[in-house]
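Student: My structure is stored as my_file.cif, with mmCIF, C-alpha atoms.
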data_start
loop_
_atom_site.group_PDB
_atom_site.id
_atom_site.type_symbol
_atom_site.label_atom_id
_atom_site.label_comp_id
_atom_site.auth_asym_id
_atom_site.auth_seq_id
_atom_site.Cartn_x
_atom_site.Cartn_y
_atom_site.Cartn_z
ATOM 1 C CA MET P 150 11.881 -16.689 -31.633
ATOM 2 C CA ALA P 151 12.511 -17.583 -28.005
ATOM 3 C CA LYS P 152 10.251 -17.500 -25.030
ATOM 4 C CA ILE P 153 11.478 -16.195 -21.699
ATOM 5 C CA VAL P 154 9.519 -17.689 -18.828
ATOM 6 C CA VAL P 155 9.444 -15.844 -15.535
ATOM 7 C CA GLU P 156 7.983 -17.560 -12.499
ATOM 8 C CA VAL P 157 7.195 -15.528 -9.416
ATOM 9 C CA MET P 158 6.401 -17.110 -6.047
ATOM 10 C CA LEU P 159 5.710 -15.603 -2.647
ATOM 11 C CA LYS P 160 8.700 -16.158 -0.373
ATOM 12 C CA PRO P 161 8.265 -19.272 1.790
ATOM 13 C CA GLU P 162 7.838 -17.225 4.957
ATOM 14 C CA ILE P 163 5.029 -15.094 3.477
ATOM 15 C CA LEU P 164 1.529 -16.428 4.139
ATOM 16 C CA ASP P 165 -0.213 -17.487 0.916
ATOM 17 C CA PRO P 166 -3.966 -17.493 1.675
ATOM 18 C CA GLN P 167 -4.865 -18.367 -1.927
ATOM 19 C CA GLY P 168 -2.655 -21.457 -1.861
ATOM 20 C CA LYS P 169 -4.153 -22.438 1.482
ATOM 21 C CA ALA P 170 -7.679 -22.077 0.098
ATOM 22 C CA VAL P 171 -6.766 -24.322 -2.846
ATOM 23 C CA ALA P 172 -5.170 -26.832 -0.475
ATOM 24 C CA SER P 173 -8.344 -27.004 1.582
ATOM 25 C CA ALA P 174 -10.573 -27.302 -1.519
ATOM 26 C CA LEU P 175 -8.719 -30.328 -2.925
ATOM 27 C CA PRO P 176 -9.709 -32.856 -0.241
ATOM 28 C CA ARG P 177 -13.337 -31.704 -0.491
ATOM 29 C CA LEU P 178 -13.198 -33.025 -4.067
ATOM 30 C CA GLY P 179 -11.614 -36.302 -3.040
ATOM 31 C CA PHE P 180 -8.030 -35.331 -3.922
ATOM 32 C CA THR P 181 -6.074 -36.178 -0.831
ATOM 33 C CA PHE P 182 -2.487 -36.074 -2.111
ATOM 34 C CA ALA P 183 -1.548 -32.494 -1.182
ATOM 35 C CA THR P 184 0.133 -31.589 2.075
ATOM 36 C CA SER P 185 0.581 -27.967 0.959
ATOM 37 C CA VAL P 186 -0.158 -25.734 -2.037
ATOM 38 C CA ARG P 187 1.554 -22.449 -2.910
ATOM 39 C CA GLN P 188 0.199 -20.311 -5.748
ATOM 40 C CA GLY P 189 2.355 -18.109 -7.954
ATOM 41 C CA LYS P 190 2.511 -16.270 -11.267
ATOM 42 C CA ARG P 191 4.023 -17.217 -14.606
ATOM 43 C CA PHE P 192 4.948 -14.701 -17.317
ATOM 44 C CA GLU P 193 5.756 -15.737 -20.885
ATOM 45 C CA ILE P 194 7.761 -13.092 -22.727
ATOM 46 C CA GLU P 195 8.484 -13.557 -26.413
ATOM 47 C CA VAL P 196 11.624 -12.084 -27.955
ATOM 48 C CA ALA P 197 13.004 -12.163 -31.493
ATOM 49 C CA GLY P 198 15.929 -14.580 -31.789
ATOM 50 C CA ASP P 199 17.935 -16.139 -28.997
ATOM 51 C CA PRO P 200 18.340 -13.720 -26.114
ATOM 52 C CA THR P 201 21.893 -12.543 -25.506
ATOM 53 C CA PRO P 202 23.369 -12.490 -21.991
ATOM 54 C CA ALA P 203 22.967 -8.706 -22.058
ATOM 55 C CA GLN P 204 19.275 -9.030 -22.921
ATOM 56 C CA LEU P 205 18.770 -11.603 -20.182
ATOM 57 C CA ALA P 206 20.407 -9.253 -17.715
ATOM 58 C CA GLU P 207 17.964 -6.597 -18.888
ATOM 59 C CA VAL P 208 15.071 -9.014 -18.332
ATOM 60 C CA GLU P 209 16.328 -9.806 -14.822
ATOM 61 C CA LYS P 210 16.398 -6.094 -14.090
ATOM 62 C CA ALA P 211 12.852 -5.640 -15.391
ATOM 63 C CA VAL P 212 11.609 -8.574 -13.337
ATOM 64 C CA GLY P 213 13.172 -7.198 -10.157
ATOM 65 C CA THR P 214 11.766 -3.753 -10.910
ATOM 66 C CA LEU P 215 8.238 -4.522 -12.032
ATOM 67 C CA LEU P 216 7.185 -8.151 -12.437
ATOM 68 C CA ALA P 217 8.147 -9.228 -8.923
ATOM 69 C CA ASN P 218 8.287 -7.425 -5.596
ATOM 70 C CA PRO P 219 11.540 -8.670 -4.035
ATOM 71 C CA VAL P 220 10.245 -7.665 -0.598
ATOM 72 C CA ILE P 221 7.781 -10.570 -0.609
ATOM 73 C CA GLU P 222 8.509 -12.615 -3.746
ATOM 74 C CA ASN P 223 11.233 -14.811 -5.276
ATOM 75 C CA TYR P 224 11.522 -15.345 -9.012
ATOM 76 C CA THR P 225 13.240 -17.442 -11.669
ATOM 77 C CA VAL P 226 14.003 -16.542 -15.290
ATOM 78 C CA LYS P 227 14.366 -19.318 -17.898
ATOM 79 C CA VAL P 228 14.587 -19.395 -21.666
ATOM 80 C CA GLU P 229 12.386 -21.826 -23.636
ATOM 81 C CA LYS P 230 12.883 -22.436 -27.344
ATOM 82 C CA MET L 250 -2.423 25.099 2.431
ATOM 83 C CA ARG L 251 -2.601 23.251 -0.865
ATOM 84 C CA VAL L 252 -3.012 19.487 -0.536
ATOM 85 C CA GLY L 253 -2.790 17.472 -3.735
ATOM 86 C CA VAL L 254 -5.044 14.441 -4.215
ATOM 87 C CA VAL L 255 -3.894 12.059 -6.932
ATOM 88 C CA THR L 256 -6.279 10.326 -9.321
ATOM 89 C CA PHE L 257 -5.006 7.170 -11.034
ATOM 90 C CA PRO L 258 -7.186 5.169 -13.425
ATOM 91 C CA GLY L 259 -9.251 3.113 -10.980
ATOM 92 C CA THR L 260 -8.908 5.422 -7.978
ATOM 93 C CA LEU L 261 -12.147 5.509 -5.952
ATOM 94 C CA ASP L 262 -11.643 7.698 -2.933
ATOM 95 C CA ASP L 263 -10.167 10.866 -4.410
ATOM 96 C CA ARG L 264 -13.391 12.842 -3.931
ATOM 97 C CA ASP L 265 -13.721 11.889 -0.281
ATOM 98 C CA ALA L 266 -10.039 12.662 0.281
ATOM 99 C CA ALA L 267 -10.493 16.106 -1.299
ATOM 100 C CA ARG L 268 -13.606 16.652 0.806
ATOM 101 C CA ALA L 269 -11.649 15.755 3.938
ATOM 102 C CA VAL L 270 -8.916 18.241 3.039
ATOM 103 C CA VAL L 271 -11.503 20.994 2.608
ATOM 104 C CA ALA L 272 -13.294 20.033 5.839
ATOM 105 C CA ALA L 273 -9.964 20.361 7.643
ATOM 106 C CA GLY L 274 -9.543 23.899 6.263
ATOM 107 C CA GLY L 275 -7.173 23.194 3.401
ATOM 108 C CA GLN L 276 -7.368 23.645 -0.340
ATOM 109 C CA ALA L 277 -7.704 20.393 -2.285
ATOM 110 C CA ILE L 278 -5.815 20.275 -5.585
ATOM 111 C CA SER L 279 -6.526 17.485 -8.068
ATOM 112 C CA LEU L 280 -3.406 15.810 -9.446
ATOM 113 C CA TRP L 281 -3.545 13.525 -12.475
ATOM 114 C CA HIS L 282 -1.453 10.343 -12.660
ATOM 115 C CA ASN L 283 -0.129 11.167 -16.104
ATOM 116 C CA ASP L 284 0.973 14.728 -15.273
ATOM 117 C CA ALA L 285 4.256 15.217 -13.405
ATOM 118 C CA ASP L 286 3.247 18.771 -12.400
ATOM 119 C CA LEU L 287 2.460 18.919 -8.687
ATOM 120 C CA LYS L 288 0.845 22.382 -9.021
ATOM 121 C CA SER L 289 2.773 23.872 -6.081
ATOM 122 C CA VAL L 290 1.098 21.659 -3.487
ATOM 123 C CA ASP L 291 2.418 21.521 0.080
ATOM 124 C CA ALA L 292 1.357 17.914 0.739
ATOM 125 C CA VAL L 293 -0.090 14.971 -1.187
ATOM 126 C CA VAL L 294 -2.676 12.278 -0.493
ATOM 127 C CA LEU L 295 -2.648 9.025 -2.474
ATOM 128 C CA PRO L 296 -6.231 7.852 -2.040
ATOM 129 C CA GLY L 297 -7.756 4.389 -2.052
ATOM 130 C CA GLY L 298 -9.177 2.418 -4.922
ATOM 131 C CA PHE L 299 -7.958 -0.089 -7.461
ATOM 132 C CA SER L 300 -5.395 1.840 -9.481
ATOM 133 C CA TYR L 301 -4.676 0.105 -12.784
ATOM 134 C CA GLY L 302 -7.178 -2.556 -11.752
ATOM 135 C CA ASP L 303 -4.710 -3.880 -9.152
ATOM 136 C CA TYR L 304 -3.079 -5.681 -12.086
ATOM 137 C CA LEU L 305 0.219 -7.454 -11.393
ATOM 138 C CA ARG L 306 0.211 -6.408 -7.715
ATOM 139 C CA CYS L 307 -1.702 -3.643 -5.959
ATOM 140 C CA GLY L 308 0.154 -0.385 -6.620
ATOM 141 C CA ALA L 309 2.861 -2.012 -8.743
ATOM 142 C CA ILE L 310 2.020 -0.144 -11.939
ATOM 143 C CA SER L 311 0.790 3.144 -10.437
ATOM 144 C CA ARG L 312 4.097 3.466 -8.630
ATOM 145 C CA PHE L 313 5.709 4.252 -12.008
ATOM 146 C CA ALA L 314 3.151 6.882 -13.101
ATOM 147 C CA PRO L 315 4.681 10.231 -14.107
ATOM 148 C CA VAL L 316 3.144 12.000 -11.102
ATOM 149 C CA MET L 317 4.860 9.525 -8.758
ATOM 150 C CA LYS L 318 8.352 10.554 -9.800
ATOM 151 C CA SER L 319 7.637 14.144 -8.743
ATOM 152 C CA ILE L 320 5.944 12.974 -5.545
ATOM 153 C CA ILE L 321 8.827 10.662 -4.599
ATOM 154 C CA ASP L 322 11.344 13.484 -5.153
ATOM 155 C CA ARG L 323 9.373 15.922 -2.999
ATOM 156 C CA ALA L 324 8.555 13.369 -0.280
ATOM 157 C CA GLU L 325 12.220 12.424 0.036
ATOM 158 C CA GLY L 326 12.810 16.133 0.598
ATOM 159 C CA GLY L 327 10.284 16.181 3.454
ATOM 160 C CA MET L 328 6.917 16.952 1.851
ATOM 161 C CA PRO L 329 4.074 15.336 3.841
ATOM 162 C CA LEU L 330 2.653 12.352 1.939
ATOM 163 C CA LEU L 331 -0.245 10.155 3.063
ATOM 164 C CA GLY L 332 -1.143 6.912 1.309
ATOM 165 C CA ILE L 333 -4.498 5.427 2.274
ATOM 166 C CA CYS L 334 -5.342 1.800 1.413
ATOM 167 C CA ASN L 335 -4.300 1.495 -2.254
ATOM 168 C CA GLY L 336 -2.158 4.572 -1.600
ATOM 169 C CA PHE L 337 -0.357 2.661 1.182
ATOM 170 C CA GLN L 338 0.232 -0.178 -1.284
ATOM 171 C CA VAL L 339 1.699 2.332 -3.766
ATOM 172 C CA LEU L 340 4.044 3.713 -1.074
ATOM 173 C CA CYS L 341 5.335 0.217 -0.289
ATOM 174 C CA GLU L 342 5.782 -0.632 -3.960
ATOM 175 C CA ALA L 343 7.672 2.657 -4.383
ATOM 176 C CA HIS L 344 9.900 1.668 -1.420
ATOM 177 C CA LEU L 345 9.021 4.899 0.370
ATOM 178 C CA LEU L 346 7.793 2.654 3.174
ATOM 179 C CA PRO L 347 9.069 -0.849 4.019
ATOM 180 C CA GLY L 348 7.131 -4.091 3.733
ATOM 181 C CA ALA L 349 4.202 -5.020 1.529
ATOM 182 C CA LEU L 350 0.445 -5.469 1.722
ATOM 183 C CA THR L 351 -0.745 -8.972 0.866
ATOM 184 C CA ARG L 352 -4.068 -10.790 0.575
ATOM 185 C CA ASN L 353 -6.168 -10.761 3.755
ATOM 186 C CA HIS L 354 -5.460 -13.961 5.684
ATOM 187 C CA GLU L 355 -9.093 -15.136 5.459
ATOM 188 C CA LEU L 356 -9.211 -14.156 1.762
ATOM 189 C CA HIS L 357 -12.365 -12.058 2.197
ATOM 190 C CA PHE L 358 -12.698 -8.468 1.074
ATOM 191 C CA LEU L 359 -13.507 -6.673 4.325
ATOM 192 C CA CYS L 360 -15.732 -3.618 4.543
ATOM 193 C CA ARG L 361 -16.555 -2.541 8.066
ATOM 194 C CA ASP L 362 -16.019 0.110 10.686
ATOM 195 C CA GLN L 363 -12.813 -0.625 12.564
ATOM 196 C CA VAL L 364 -11.354 0.646 15.818
ATOM 197 C CA ILE L 365 -7.665 1.498 15.599
ATOM 198 C CA LYS L 366 -5.345 2.862 18.253
ATOM 199 C CA ILE L 367 -2.970 5.730 17.523
ATOM 200 C CA GLU L 368 0.553 4.744 18.590
ATOM 201 C CA ASN L 369 2.663 7.638 17.323
ATOM 202 C CA ASN L 370 1.637 11.292 17.156
ATOM 203 C CA ASN L 371 4.957 12.636 15.934
ATOM 204 C CA SER L 372 4.193 12.192 12.232
ATOM 205 C CA SER L 373 2.980 14.981 9.969
ATOM 206 C CA TRP L 374 -0.411 13.247 9.747
ATOM 207 C CA THR L 375 -1.081 12.183 13.362
ATOM 208 C CA SER L 376 0.056 15.125 15.510
ATOM 209 C CA ASN L 377 -3.526 16.092 16.399
ATOM 210 C CA TYR L 378 -4.180 12.727 18.049
ATOM 211 C CA GLU L 379 -3.270 11.591 21.536
ATOM 212 C CA ILE L 380 -1.070 8.519 21.904
ATOM 213 C CA GLY L 381 -3.338 5.618 22.838
ATOM 214 C CA GLN L 382 -6.416 7.344 21.404
ATOM 215 C CA GLU L 383 -8.861 4.865 19.875
ATOM 216 C CA ILE L 384 -10.689 5.998 16.747
ATOM 217 C CA LEU L 385 -13.411 4.411 14.602
ATOM 218 C CA ILE L 386 -12.935 4.609 10.820
ATOM 219 C CA PRO L 387 -13.899 2.379 7.879
ATOM 220 C CA LEU L 388 -11.671 -0.482 6.752
ATOM 221 C CA LYS L 389 -12.319 -1.773 3.224
ATOM 222 C CA ASN L 390 -9.786 -3.846 1.354
ATOM 223 C CA GLY L 391 -8.912 -7.277 0.067
ATOM 224 C CA GLU L 392 -5.154 -6.941 0.332
ATOM 225 C CA GLY L 393 -4.495 -5.252 3.658
ATOM 226 C CA SER L 394 -2.264 -7.725 5.436
ATOM 227 C CA PHE L 395 0.951 -5.891 6.323
ATOM 228 C CA GLN L 396 3.961 -8.186 5.902
ATOM 229 C CA CYS L 397 7.689 -7.623 6.300
ATOM 230 C CA ASP L 398 10.689 -9.591 7.480
ATOM 231 C CA ASP L 399 11.609 -9.879 11.156
ATOM 232 C CA ALA L 400 14.440 -7.345 10.957
ATOM 233 C CA THR L 401 12.170 -4.729 9.365
ATOM 234 C CA LEU L 402 9.477 -5.385 11.951
ATOM 235 C CA ALA L 403 11.977 -4.987 14.778
ATOM 236 C CA GLN L 404 13.198 -1.739 13.228
ATOM 237 C CA LEU L 405 9.657 -0.355 12.824
ATOM 238 C CA GLU L 406 8.835 -1.188 16.433
ATOM 239 C CA GLY L 407 12.212 -0.039 17.768
ATOM 240 C CA GLU L 408 11.972 3.315 16.009
ATOM 241 C CA ASN L 409 8.334 3.825 17.040
ATOM 242 C CA ARG L 410 7.248 3.950 13.415
ATOM 243 C CA VAL L 411 3.971 2.058 13.843
ATOM 244 C CA ILE L 412 1.467 4.907 13.821
ATOM 245 C CA ALA L 413 -1.701 2.861 14.372
ATOM 246 C CA ARG L 414 -2.739 -0.686 15.254
ATOM 247 C CA TYR L 415 -6.003 -2.577 14.902
ATOM 248 C CA VAL L 416 -7.874 -3.034 18.175
ATOM 249 C CA GLY L 417 -9.470 -6.418 18.863
ATOM 250 C CA GLU L 418 -9.213 -9.385 16.541
ATOM 251 C CA ASN L 419 -6.684 -9.103 13.735
ATOM 252 C CA PRO L 420 -8.855 -8.283 10.700
ATOM 253 C CA ASN L 421 -6.423 -9.291 7.957
ATOM 254 C CA GLY L 422 -3.369 -11.041 9.367
ATOM 255 C CA SER L 423 -1.153 -7.953 9.515
ATOM 256 C CA ARG L 424 2.012 -8.502 11.531
ATOM 257 C CA ASN L 425 1.765 -6.994 15.034
ATOM 258 C CA LEU L 426 -1.758 -5.723 14.179
ATOM 259 C CA ILE L 427 -0.171 -2.943 12.115
ATOM 260 C CA ALA L 428 -2.706 -0.616 10.483
ATOM 261 C CA GLY L 429 -0.269 2.144 9.530
ATOM 262 C CA ILE L 430 3.423 3.042 9.561
ATOM 263 C CA THR L 431 5.606 6.063 8.915
ATOM 264 C CA ASN L 432 9.121 6.675 7.602
ATOM 265 C CA SER L 433 11.898 7.701 9.985
ATOM 266 C CA ARG L 434 11.377 11.385 9.211
ATOM 267 C CA GLY L 435 7.634 11.160 9.961
ATOM 268 C CA ASN L 436 6.458 12.944 6.812
ATOM 269 C CA ILE L 437 5.369 9.833 4.891
ATOM 270 C CA VAL L 438 2.506 7.794 6.337
ATOM 271 C CA GLY L 439 0.752 4.712 4.971
ATOM 272 C CA LEU L 440 -2.559 3.666 6.489
ATOM 273 C CA MET L 441 -4.827 0.782 5.479
ATOM 274 C CA PRO L 442 -8.166 2.001 6.953
ATOM 275 C CA HIS L 443 -9.842 5.144 5.665
ATOM 276 C CA PRO L 444 -9.837 8.364 7.719
ATOM 277 C CA GLU L 445 -11.249 10.334 4.766
ATOM 278 C CA HIS L 446 -14.531 8.397 5.046
ATOM 279 C CA ALA L 447 -14.906 9.380 8.710
ATOM 280 C CA ILE L 448 -14.859 13.172 8.816
ATOM 281 C CA ASP L 449 -18.568 13.825 9.338
ATOM 282 C CA PRO L 450 -21.153 11.714 11.224
ATOM 283 C CA LEU L 451 -23.588 12.411 8.375
ATOM 284 C CA THR L 452 -21.572 10.285 5.954
ATOM 285 C CA GLY L 453 -19.354 8.093 8.131
ATOM 286 C CA PRO L 454 -19.242 6.218 11.414
ATOM 287 C CA SER L 455 -17.591 9.173 13.203
ATOM 288 C CA SER L 456 -15.562 12.288 12.574
ATOM 289 C CA ASP L 457 -12.489 10.594 14.041
ATOM 290 C CA GLY L 458 -10.570 10.618 10.754
ATOM 291 C CA LEU L 459 -10.547 14.380 10.340
ATOM 292 C CA ALA L 460 -7.510 14.875 12.572
ATOM 293 C CA PHE L 461 -5.235 13.217 9.986
ATOM 294 C CA PHE L 462 -6.005 16.164 7.729
ATOM 295 C CA THR L 463 -5.943 18.874 10.407
ATOM 296 C CA SER L 464 -2.579 17.463 11.561
ATOM 297 C CA VAL L 465 -0.943 18.060 8.201
ATOM 298 C CA LEU L 466 -2.364 21.573 8.026
ATOM 299 C CA LYS L 467 -0.847 22.300 11.430
ATOM 300 C CA ALA L 468 2.480 20.894 10.232
ATOM 301 C CA ALA L 469 2.423 23.333 7.309
ATOM 302 C CA VAL L 470 1.555 26.337 9.490
ATOM 303 C CA ASN L 471 4.412 25.529 11.847
ATOM 304 C CA SER L 472 7.016 24.934 9.147
#
Represent the structure from my file as structure tokens, please.

Tutor:
Amino acid sequence: MAKIVVEVMLKPEILDPQGKAVASALPRLGFTFATSVRQGKRFEIEVAGDPTPAQLAEVEKAVGTLLANPVIENYTVKVEK
Amino acid sequence: MRVGVVTFPGTLDDRDAARAVVAAGGQAISLWHNDADLKSVDAVVLPGGFSYGDYLRCGAISRFAPVMKSIIDRAEGGMPLLGICNGFQVLCEAHLLPGALTRNHELHFLCRDQVIKIENNNSSWTSNYEIGQEILIPLKNGEGSFQCDDATLAQLEGENRVIARYVGENPNGSRNLIAGITNSRGNIVGLMPHPEHAIDPLTGPSSDGLAFFTSVLKAAVNS
């Protein structure tokens, strides 16, 4: 069984108010390392066996159709074993 | 005129939208998300709410409901289609309108009466307003910040497709204070604030929202 991991992030030019709120909460707790925080989504999709290139292409299509909105988001698709 | 009002799981404002259609003199027809039959309607309203719990992204799942396929087909053929709040988010997710609605820039869910200015009265839903007219209608959303890339923004402005802008301080971080936009044909309109809640001073801050619904009735009579 393999796990396909999809990470979706807002495009850099799109304002991320949630990330900003996290970034401003960190120093209040004494964590002063962050100059910026961006928040995104991670999907873990399990499939039977190693995904074939055709299946991965299908996953890419599904991500572009449903899991991410390409108008405002970028995404990556990786396979974890 | 028969105006369909769609109910998705999690829709909140379908009753007020239907009431607004009736107040304008139309016949409100309930449409169900899981039924592709549009029941011979002449126009459709996608009302506000939290369809599918806003899971994934607002409107991302509702946009693939069976009723949406029929609505997209008809709207591309010119049928008037108004998306309010969550309905606007559905229209953007369906790529019937450009851009996307993202989290309000101050993160707060806003619920207040908001002045907006009508900028375009050529659309099917705004023809009964005057250009520059300021109206007071409720604004209530958490993800109402209209975002798009610079080229899209220039196109929307250049083609006069911004139908309404917020007046005063920007409530949610929307680019160019955009409260609503239309497609190039003018039959599809997305609007973040809620005209259907402002059709009667008894139940809303004004009756300023009613003209969205009388506009579409006029469009049908003239067509």

Student: What would the selection look like, as a PyMOL selection string, if the PyMOL selection byres ((chain L and resi 284) around 12) were run on the coordinates I just shared?

Tutor: chain L and resi 255-257+279-283+285-288+313-320

Student: Looking at only C-alpha atoms, which of L:Pro420, L:Gly393, L:Gly275, L:Pro347 is the one that sits closest to chain P?

Tutor: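 Looking at the shortest contact to chain P, the residue is L:Pro347.
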
Student: Go through the shown structure with the PyMOL selection byres ((chain P) within 8 of (chain L)) and write out the matching residues as a PyMOL selection string.

Tutor: chain P and resi 163-167+215-216+218+220-221

Student: Could you check how far atom CA of Leu340 of chain L sits from atom CA of Leu295 of chain L, in Å to one decimal?

Tutor: 8.7 Å

Student: Kindly resolve the PyMOL selection byres ((chain L and resi 462) around 7) on the present coordinates and return the residues as a ChimeraX atom specification.

Tutor: /L:269-270,273,374,459-461,463-466

Student: Using all atoms listed in the file, collect all residues at a distance of at most 8 Å from (-0.3, 2.2, 5.1) as written in the file, then present them as a PyMOL selection string.

Tutor: chain L and resi 332-334+336-338+340+428-430+438-441

Student: Show me, as a PDB file with C-alpha atoms, in the coordinates of the input, the residues that have an atom within 12 Å of segment 197-214 of chain P when counting all atoms listed in the file, minus same-chain residues fewer than 3 positions from it.

Tutor:
ATOM      1  CA  MET P 150      11.881 -16.689 -31.633  1.00  0.00           C
ATOM      2  CA  ALA P 151      12.511 -17.583 -28.005  1.00  0.00           C
ATOM      3  CA  LYS P 152      10.251 -17.500 -25.030  1.00  0.00           C
ATOM      4  CA  ILE P 153      11.478 -16.195 -21.699  1.00  0.00           C
ATOM      5  CA  VAL P 154       9.519 -17.689 -18.828  1.00  0.00           C
ATOM      6  CA  VAL P 155       9.444 -15.844 -15.535  1.00  0.00           C
ATOM      7  CA  GLU P 156       7.983 -17.560 -12.499  1.00  0.00           C
ATOM      8  CA  VAL P 157       7.195 -15.528  -9.416  1.00  0.00           C
ATOM      9  CA  ARG P 191       4.023 -17.217 -14.606  1.00  0.00           C
ATOM     10  CA  PHE P 192       4.948 -14.701 -17.317  1.00  0.00           C
ATOM     11  CA  GLU P 193       5.756 -15.737 -20.885  1.00  0.00           C
ATOM     12  CA  ILE P 194       7.761 -13.092 -22.727  1.00  0.00           C
ATOM     13  CA  ALA P 217       8.147  -9.228  -8.923  1.00  0.00           C
ATOM     14  CA  ASN P 218       8.287  -7.425  -5.596  1.00  0.00           C
ATOM     15  CA  PRO P 219      11.540  -8.670  -4.035  1.00  0.00           C
ATOM     16  CA  VAL P 220      10.245  -7.665  -0.598  1.00  0.00           C
ATOM     17  CA  ILE P 221       7.781 -10.570  -0.609  1.00  0.00           C
ATOM     18  CA  GLU P 222       8.509 -12.615  -3.746  1.00  0.00           C
ATOM     19  CA  ASN P 223      11.233 -14.811  -5.276  1.00  0.00           C
ATOM     20  CA  TYR P 224      11.522 -15.345  -9.012  1.00  0.00           C
ATOM     21  CA  THR P 225      13.240 -17.442 -11.669  1.00  0.00           C
ATOM     22  CA  VAL P 226      14.003 -16.542 -15.290  1.00  0.00           C
ATOM     23  CA  LYS P 227      14.366 -19.318 -17.898  1.00  0.00           C
ATOM     24  CA  VAL P 228      14.587 -19.395 -21.666  1.00  0.00           C
ATOM     25  CA  GLU P 229      12.386 -21.826 -23.636  1.00  0.00           C
ATOM     26  CA  LYS P 230      12.883 -22.436 -27.344  1.00  0.00           C
TER      27      LYS P 230
ATOM     28  CA  LEU L 305       0.219  -7.454 -11.393  1.00  0.00           C
ATOM     29  CA  ALA L 309       2.861  -2.012  -8.743  1.00  0.00           C
ATOM     30  CA  ILE L 310       2.020  -0.144 -11.939  1.00  0.00           C
ATOM     31  CA  ARG L 312       4.097   3.466  -8.630  1.00  0.00           C
ATOM     32  CA  PHE L 313       5.709   4.252 -12.008  1.00  0.00           C
ATOM     33  CA  GLU L 342       5.782  -0.632  -3.960  1.00  0.00           C
ATOM     34  CA  ALA L 343       7.672   2.657  -4.383  1.00  0.00           C
ATOM     35  CA  HIS L 344       9.900   1.668  -1.420  1.00  0.00           C
TER      36      HIS L 344
END

Student: Might you pull out every residue within 12 Å of Pro454 of chain L, with all atoms listed in the file counted and same-chain residues fewer than 5 positions away left off, and present them as JSON, numbers by chain?

Tutor: {"L": [361, 362, 363, 364, 384, 385, 386, 387, 388, 443, 444, 445, 446, 447, 448, 449, 459]}

Student: Hey, what's within 8 Å of Ala277 of chain L if we count only C-alpha atoms and toss same-chain stuff fewer than 2 positions away? As a list in words, please?

Tutor: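 So the residues in contact are Arg251, Val252, Gly253, Val254, Ala267, Arg268, Val270, Val271, Gly275 and Ser279 of chain L.
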
Student: Model the absent atoms of segment 171-182 of chain P so that N, CA and C atoms are present, and write the result as a short mmCIF file (atom, residue, chain, number, x, y, z; two decimals), in the frame of the given file.

Tutor:
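The file below, rebuild.cif, is the result:
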data_model
loop_
_atom_site.label_atom_id
_atom_site.label_comp_id
_atom_site.auth_asym_id
_atom_site.auth_seq_id
_atom_site.Cartn_x
_atom_site.Cartn_y
_atom_site.Cartn_z
N VAL P 171 -6.80 -23.24 -1.87
CA VAL P 171 -6.77 -24.32 -2.85
C VAL P 171 -6.49 -25.64 -2.13
N ALA P 172 -5.54 -25.61 -1.20
CA ALA P 172 -5.17 -26.83 -0.48
C ALA P 172 -6.35 -27.38 0.30
N SER P 173 -7.22 -26.50 0.81
CA SER P 173 -8.34 -27.00 1.58
C SER P 173 -9.51 -27.40 0.67
N ALA P 174 -9.51 -26.91 -0.59
CA ALA P 174 -10.57 -27.30 -1.52
C ALA P 174 -10.31 -28.69 -2.11
N LEU P 175 -9.05 -29.05 -2.28
CA LEU P 175 -8.72 -30.33 -2.92
C LEU P 175 -9.34 -31.53 -2.20
N PRO P 176 -9.14 -31.67 -0.89
CA PRO P 176 -9.71 -32.86 -0.24
C PRO P 176 -11.23 -32.89 -0.28
N ARG P 177 -11.87 -31.71 -0.37
CA ARG P 177 -13.34 -31.70 -0.49
C ARG P 177 -13.78 -32.38 -1.79
N LEU P 178 -12.88 -32.40 -2.79
CA LEU P 178 -13.20 -33.02 -4.07
C LEU P 178 -12.66 -34.45 -4.16
N GLY P 179 -12.13 -34.94 -3.05
CA GLY P 179 -11.61 -36.30 -3.04
C GLY P 179 -10.15 -36.41 -3.38
N PHE P 180 -9.47 -35.30 -3.63
CA PHE P 180 -8.03 -35.33 -3.92
C PHE P 180 -7.28 -35.15 -2.61
N THR P 181 -6.63 -36.21 -2.18
CA THR P 181 -6.07 -36.18 -0.83
C THR P 181 -4.55 -36.18 -0.83
N PHE P 182 -3.95 -35.93 -2.00
CA PHE P 182 -2.49 -36.07 -2.11
C PHE P 182 -1.71 -34.88 -1.55
#
